[in-house]
Amino acid sequence: MTQARTPADPSDPSLPSPPPVKNVEFKALLLLVFTALLVGASVLYLLYSRGAFETTQRLVLVADDSEGVVVGMNLTFSGFPIGRVRRIELAEDGNARILIDVPTRDAHWLRQSSVFTLVRGVVGNTNIRAYSGMLTDPPLPDGAVRQVLRGDASAEIPRVVSAAKELLDNLNALAAKEGPLGASLANLQAMTEKLNGPRGALGVLTGNDADAQKLILALDRTNTLLARLDGLVIKADGLTAKADAQVFGPQGVMPDVKAAIGQVNALLADTRESLKKMDAVLVEAKAVGANARVATEDLGTLRAEVESNLRKVEGLITEINRKWPFKRDTEIKLP
Amino acid sequence: MPQVNQTLHRAARAPWRWAVAWWRIVHFGALMLVLALSPSSYGAANRQAMARHIYLDTAPVLTWFTVLCALVSLVITRIVVVTALSYGLTQYALEMVIRVLVLELIPLTAALFVALRCTIPNGAELAQMRRRGQLDALRAQGVDPVASELLPRVVAGMFSVITLAALSCVVAMVLAYLAVYGFTLAGLPAYTRMFGQVFNPAVTLVFTLKTLFFSLAVSLMPMAAGLYESNPAGWRTSDELQGLVRVFAVLVLIEVVSLVGNYY
């Protein structure tokens with residue numbers, strides 16, 4: 001290309017003659033349009049990627065420490081980014097306010113019961129995550145303010161290290177030569193030696209030889225006692241056999257008892273017969289009672305007849321008295 | 001002794017010459033800016049020259065540079081992704097590729113490429129024209145050589161840098177996406193979000209300004225050298241080499257300033 005544009009001869013004062021390019025203005029215009037389109041499309045894509053063309057709603061997260069949070073970082077839900085941090089500001093009460101824009105199309109993942117966490121990993125950046133347990137709850141309103149829960153892996157490290165150090169100190173104290181572990185091991189060694197000694201485990205249990213000796217004596221006496229107990233048991237067996245013969249033998253008490261029971265049975269049968277006779281007598285008595293009731297009813301009728309006859313006699317006497325000449329004057333004459 | 005005196009004399013004059021050269025560059029830049037913003041610079045004759053320079057400075061190198069950039073981008077992307085995978089940091093691989101390639105390497109490479117391929121030869125050509133008196137001849141004809149010869153070259157150089165950088169950045173981004181996600185659209189939302197996170201307003205501003213200043217440096221400095229530099233015989237061997245060194249120093253300076261702006 002540069003060779004094509006070598007200057008003209010120095011003796012020629014006119015301009016160097018350029019090689020002719022066909023339609024150069026049109027081609028240059030095409031190039032200009034191409035570059036303009038390229039830059040314009042890049043700008044549009046950049047605006048789209050920055051979320052300039054989507055409607056958003058505001059969410060404010062309040063944290064006691066916003067370390068690691070940067071403008072532009074994501075709010076994720078189930079690993080999917082659904083919002084961007086737009087601003088971080090310090091509130092009047094000293095807390096950090098993280099202003100997040102959530103696109104309206106993703107806002108339905110956030111509910112009033114949603115929980116927000118700010119997690120800072122040991123390696124890597126900080127993450128703001130949303131958890132919505134109840135997706136049937138009412139949706140989060142625009143401009144909602146929520147407290148964010150902090151889970152900081154690196155903040156735990158000093159605590160873990162100090163706890164581990166404490167544990168190691170304790171272990172060192174335990175394992176020291178004069179420490180409890182050393183003393184226990186020495187005792188264990190002494191015990192093992194005793195176990196291997198003439199008294200064995202008995203020596204370990206009693207602690208000294210005299211007591212072990214006493215224990216062995218006690219064992220011997222227990223053995224003797226057991227032998228005597230055996231003799232006693234044999235005697236008790238003989239005694240039991242004798243008692244058996246006296247009670248259940250042919251000359252024993254049992255046959256007499258049996259005969260007595262037979263007599264009692266006969267007595268009971270007689271008693272049953274007597275009771276049956278009593279029943280018959282009672283039936284008779286009942287019949288007599290019934291007859292007496294009938295007779296009583298007849299007596300009522302008789303008495304009624306006698307009463308009516310008496311009334312008739314009384315009426316007769318009254319009639320006679322009226323018709324009789326010395327009938328009394330019953331009228332009362334007033335003066 | 002006279003030789004020693006002459007050397008000392010030259011050494012004493014070096015800072016002065018250096019300051020004058022830089023002042024000429026700044027002055028030339030201001031002049032070009034004024035001319036570029038004047039509608040009278042886009043007359044029919046100038047427009048023809050400008051179209052020709054824009055086409056010849058950009059079109060022949062566009063394909064080759066894009067292919068070259070695509071290859072280098074692919075290799076670098078692959079290296080970064082594989083390394084990130086082995087360390088379990090895949091989520092940062094794409095971000096790193098975009099930051100390294102699109103933000104830093106490609107604009108610098110495009111500017112250097114345009115400087116070597118177009119603007120420094122253009123500056124040398126201009127110097128030759130000046131030495132042969134062609135510029136004076138133009139002035140004698142009543143044509144302003146700054147508007148008719150320099151402005152088209154400067155505008156073409158700037159346009160070339162911007163076009164090469166833009167196209168190569170887009171190609172590198174597409175290749176990085178393909179290298180990580182393969183031929184699927186499934187990763188596009190995540191990629192777009194990551195892109196938006198990398199290009200926050202400050203980074204975008206620094207990137208735009210950097211590319212603009214790269215294109216200005218690459219276009220203006222060789223032209224200013226070609227227009228003003230009096231090349232004493234035996235003092236400098238080559239206009240092109242001297243222009244390249246100066247341009248390269250300015251490019252590195254702009255890059256360092258942009259890095260400071262991005263990461264501090």
# chains A, B, ... in the order shown; residues from 1 in each chain; ligands from 1

$ interface_residues --of "chain B" --to "chain A" --cutoff "6 Å" --atoms "only C-alpha atoms" --output "list in words"
Ala51, Arg52, Tyr55, Arg132, Gln134, Thr163, Thr192, Arg193, Gly196 and Gln197 of chain B

$ write_last_selection --atoms "all heavy atoms" --output "short mmCIF file (atom, residue, chain, number, x, y, z; two decimals), in the first residue's frame"
data_model
loop_
_atom_site.label_atom_id
_atom_site.label_comp_id
_atom_site.auth_asym_id
_atom_site.auth_seq_id
_atom_site.Cartn_x
_atom_site.Cartn_y
_atom_site.Cartn_z
N ALA B 51 -12.22 10.32 2.09
CA ALA B 51 -12.81 9.00 1.83
C ALA B 51 -11.74 8.03 1.37
O ALA B 51 -11.70 6.87 1.80
CB ALA B 51 -13.89 9.13 0.76
N ARG B 52 -10.84 8.51 0.53
CA ARG B 52 -9.79 7.64 0.02
C ARG B 52 -8.86 7.18 1.15
O ARG B 52 -8.54 6.00 1.26
CB ARG B 52 -9.00 8.42 -1.04
CG ARG B 52 -7.93 7.61 -1.71
CD ARG B 52 -7.29 8.41 -2.82
NE ARG B 52 -6.01 7.83 -3.14
CZ ARG B 52 -4.89 8.06 -2.45
NH1 ARG B 52 -4.92 8.89 -1.44
NH2 ARG B 52 -3.77 7.47 -2.79
N TYR B 55 -10.66 4.74 3.51
CA TYR B 55 -10.79 3.41 2.91
C TYR B 55 -9.46 2.69 2.87
O TYR B 55 -9.34 1.54 3.29
CB TYR B 55 -11.39 3.54 1.52
CG TYR B 55 -11.53 2.20 0.84
CD1 TYR B 55 -12.53 1.32 1.23
CD2 TYR B 55 -10.66 1.81 -0.17
CE1 TYR B 55 -12.65 0.08 0.64
CE2 TYR B 55 -10.77 0.58 -0.77
CZ TYR B 55 -11.77 -0.29 -0.36
OH TYR B 55 -11.88 -1.51 -0.93
N ARG B 132 10.47 17.87 -0.25
CA ARG B 132 10.50 18.09 -1.70
C ARG B 132 9.79 19.38 -2.09
O ARG B 132 9.68 19.70 -3.27
CB ARG B 132 9.83 16.92 -2.41
CG ARG B 132 10.70 15.70 -2.39
CD ARG B 132 9.96 14.52 -2.91
NE ARG B 132 10.78 13.34 -2.80
CZ ARG B 132 10.31 12.12 -3.01
NH1 ARG B 132 9.03 11.97 -3.30
NH2 ARG B 132 11.11 11.09 -2.91
N GLN B 134 6.64 20.07 -1.84
CA GLN B 134 5.28 19.91 -2.38
C GLN B 134 4.25 20.68 -1.56
O GLN B 134 3.27 21.20 -2.07
CB GLN B 134 4.94 18.43 -2.44
CG GLN B 134 5.66 17.73 -3.57
CD GLN B 134 5.48 16.22 -3.52
OE1 GLN B 134 4.94 15.71 -2.57
NE2 GLN B 134 5.96 15.56 -4.54
N THR B 163 -12.17 1.56 14.51
CA THR B 163 -12.84 0.44 13.84
C THR B 163 -12.16 -0.88 14.18
O THR B 163 -12.84 -1.87 14.51
CB THR B 163 -12.81 0.65 12.31
OG1 THR B 163 -13.39 1.91 12.04
CG2 THR B 163 -13.59 -0.42 11.60
N THR B 192 -24.32 -11.91 29.69
CA THR B 192 -24.73 -10.51 29.61
C THR B 192 -24.61 -9.84 30.98
O THR B 192 -24.13 -8.71 31.10
CB THR B 192 -26.19 -10.44 29.13
OG1 THR B 192 -26.28 -11.11 27.90
CG2 THR B 192 -26.64 -9.01 28.96
N ARG B 193 -25.03 -10.56 32.01
CA ARG B 193 -24.96 -9.99 33.36
C ARG B 193 -23.51 -9.73 33.77
O ARG B 193 -23.17 -8.69 34.32
CB ARG B 193 -25.64 -10.96 34.33
CG ARG B 193 -25.76 -10.45 35.72
CD ARG B 193 -26.70 -11.33 36.48
NE ARG B 193 -28.07 -10.95 36.28
CZ ARG B 193 -28.71 -10.06 37.04
NH1 ARG B 193 -28.09 -9.48 38.03
NH2 ARG B 193 -29.97 -9.78 36.82
N GLY B 196 -22.22 -6.76 32.00
CA GLY B 196 -22.70 -5.54 32.65
C GLY B 196 -21.96 -5.23 33.93
O GLY B 196 -21.75 -4.06 34.28
N GLN B 197 -21.56 -6.29 34.63
CA GLN B 197 -20.82 -6.06 35.89
C GLN B 197 -19.41 -5.55 35.62
O GLN B 197 -18.90 -4.71 36.35
CB GLN B 197 -20.76 -7.35 36.69
CG GLN B 197 -22.02 -7.57 37.49
CD GLN B 197 -21.99 -8.85 38.25
OE1 GLN B 197 -21.15 -9.70 38.01
NE2 GLN B 197 -22.93 -9.02 39.15
#

$ residues_around --residues "stretch 100-106 of chain A" --least-positions-apart "5" --cutoff "6 Å" --atoms "only C-alpha atoms" --output "PyMOL selection string"
chain A and resi 55-59+82-86

$ write_last_selection --atoms "C-alpha atoms" --output "compact mmCIF listing (two decimals), in the first residue's frame"
# COMPACT_ATOMS: atom_id res chain seq x y z
CA THR A 55 -38.41 -1.85 35.01
CA THR A 56 -37.20 -2.48 38.50
CA GLN A 57 -38.37 -2.27 42.04
CA ARG A 58 -36.25 -1.18 44.96
CA LEU A 59 -35.26 -3.38 47.88
CA ILE A 82 -32.32 -11.63 40.25
CA GLY A 83 -31.09 -8.20 41.32
CA ARG A 84 -28.19 -5.76 41.35
CA VAL A 85 -26.72 -3.63 44.08
CA ARG A 86 -27.18 -0.02 43.00

$ atom_distance --atom1 "atom CA of A:Val294" --atom2 "atom CA of A:Ser308"
21.9 Å

$ residues_around --residues "A:Val115" --least-positions-apart "4" --cutoff "9 Å" --atoms "only C-alpha atoms" --output "list in words"
Leu110, Arg111, Arg129, Ala130, Tyr131, Ser132, Gly133, Arg146, Gln147, Val148 and Leu149 of chain A

$ select_by_dssp --residues "stretch 131-187 of chain A" --states "strand (DSSP E)" --output "list in words"
Tyr131, Ala144, Val145, Arg146, Gln147, Val148, Leu149, Arg150, Gly151 and Asp152 of chain A

$ write_last_selection --atoms "N, CA and C atoms" --output "PDB file, in the first residue's frame"
ATOM      1  N   TYR A 131     -33.841 -16.108  50.225  1.00  0.00           N
ATOM      2  CA  TYR A 131     -34.510 -17.398  50.404  1.00  0.00           C
ATOM      3  C   TYR A 131     -35.994 -17.120  50.629  1.00  0.00           C
ATOM      4  N   ALA A 144     -39.255  -2.077  49.940  1.00  0.00           N
ATOM      5  CA  ALA A 144     -39.272  -2.781  51.223  1.00  0.00           C
ATOM      6  C   ALA A 144     -37.888  -2.738  51.882  1.00  0.00           C
ATOM      7  N   VAL A 145     -37.877  -2.641  53.194  1.00  0.00           N
ATOM      8  CA  VAL A 145     -36.622  -2.609  53.950  1.00  0.00           C
ATOM      9  C   VAL A 145     -36.542  -3.898  54.763  1.00  0.00           C
ATOM     10  N   ARG A 146     -35.455  -4.619  54.596  1.00  0.00           N
ATOM     11  CA  ARG A 146     -35.299  -5.890  55.296  1.00  0.00           C
ATOM     12  C   ARG A 146     -33.923  -5.950  55.961  1.00  0.00           C
ATOM     13  N   GLN A 147     -33.883  -6.631  57.088  1.00  0.00           N
ATOM     14  CA  GLN A 147     -32.600  -6.863  57.763  1.00  0.00           C
ATOM     15  C   GLN A 147     -31.907  -8.019  57.064  1.00  0.00           C
ATOM     16  N   VAL A 148     -30.633  -7.913  56.865  1.00  0.00           N
ATOM     17  CA  VAL A 148     -29.908  -8.994  56.212  1.00  0.00           C
ATOM     18  C   VAL A 148     -29.130  -9.767  57.278  1.00  0.00           C
ATOM     19  N   LEU A 149     -29.145 -11.089  57.124  1.00  0.00           N
ATOM     20  CA  LEU A 149     -28.430 -11.938  58.083  1.00  0.00           C
ATOM     21  C   LEU A 149     -27.024 -12.147  57.569  1.00  0.00           C
ATOM     22  N   ARG A 150     -26.038 -12.054  58.466  1.00  0.00           N
ATOM     23  CA  ARG A 150     -24.653 -12.184  58.028  1.00  0.00           C
ATOM     24  C   ARG A 150     -24.103 -13.547  58.397  1.00  0.00           C
ATOM     25  N   GLY A 151     -23.478 -14.171  57.441  1.00  0.00           N
ATOM     26  CA  GLY A 151     -22.785 -15.420  57.703  1.00  0.00           C
ATOM     27  C   GLY A 151     -21.386 -15.263  57.164  1.00  0.00           C
ATOM     28  N   ASP A 152     -20.438 -15.195  58.043  1.00  0.00           N
ATOM     29  CA  ASP A 152     -19.099 -14.827  57.604  1.00  0.00           C
ATOM     30  C   ASP A 152     -18.147 -15.960  57.934  1.00  0.00           C
TER      31      ASP A 152
END

$ residues_around --residues "B:Pro152" --least-positions-apart "2" --cutoff "9 Å" --atoms "only C-alpha atoms" --output "compact mmCIF listing (two decimals) with N, CA and C atoms, in the first residue's frame"
# COMPACT_ATOMS: atom_id res chain seq x y z
N ASN B 46 -11.78 17.87 -0.40
CA ASN B 46 -11.31 17.28 0.85
C ASN B 46 -12.05 15.98 1.15
N ARG B 47 -13.34 15.98 0.86
CA ARG B 47 -14.13 14.79 1.15
C ARG B 47 -13.60 13.60 0.37
N ALA B 49 -10.54 13.17 -0.73
CA ALA B 49 -9.27 12.73 -0.16
C ALA B 49 -9.51 11.98 1.15
N MET B 50 -10.44 12.47 1.94
CA MET B 50 -10.71 11.83 3.24
C MET B 50 -11.28 10.43 3.05
N ALA B 51 -12.22 10.32 2.09
CA ALA B 51 -12.81 9.00 1.83
C ALA B 51 -11.74 8.03 1.37
N ARG B 52 -10.84 8.51 0.53
CA ARG B 52 -9.79 7.64 0.02
C ARG B 52 -8.86 7.18 1.15
N HIS B 53 -8.48 8.12 2.01
CA HIS B 53 -7.59 7.75 3.12
C HIS B 53 -8.29 6.81 4.10
N ILE B 54 -9.54 7.12 4.39
CA ILE B 54 -10.28 6.25 5.33
C ILE B 54 -10.35 4.84 4.76
N ALA B 147 -5.21 21.33 5.68
CA ALA B 147 -6.58 20.84 5.53
C ALA B 147 -6.67 19.77 4.46
N SER B 148 -5.88 19.91 3.40
CA SER B 148 -6.07 19.00 2.27
C SER B 148 -5.25 17.72 2.40
N GLU B 149 -4.09 17.78 3.05
CA GLU B 149 -3.22 16.61 3.13
C GLU B 149 -3.16 16.00 4.53
N LEU B 150 -3.15 16.83 5.57
CA LEU B 150 -2.95 16.30 6.92
C LEU B 150 -4.25 15.84 7.57
N VAL B 154 -5.06 12.24 9.39
CA VAL B 154 -5.32 12.15 10.83
C VAL B 154 -6.68 11.51 11.09
N VAL B 155 -7.71 11.97 10.39
CA VAL B 155 -9.05 11.41 10.59
C VAL B 155 -9.06 9.93 10.22
N ALA B 156 -8.38 9.58 9.13
CA ALA B 156 -8.34 8.18 8.71
C ALA B 156 -7.64 7.32 9.75
N GLY B 157 -6.55 7.85 10.34
CA GLY B 157 -5.85 7.08 11.38
C GLY B 157 -6.73 6.85 12.59
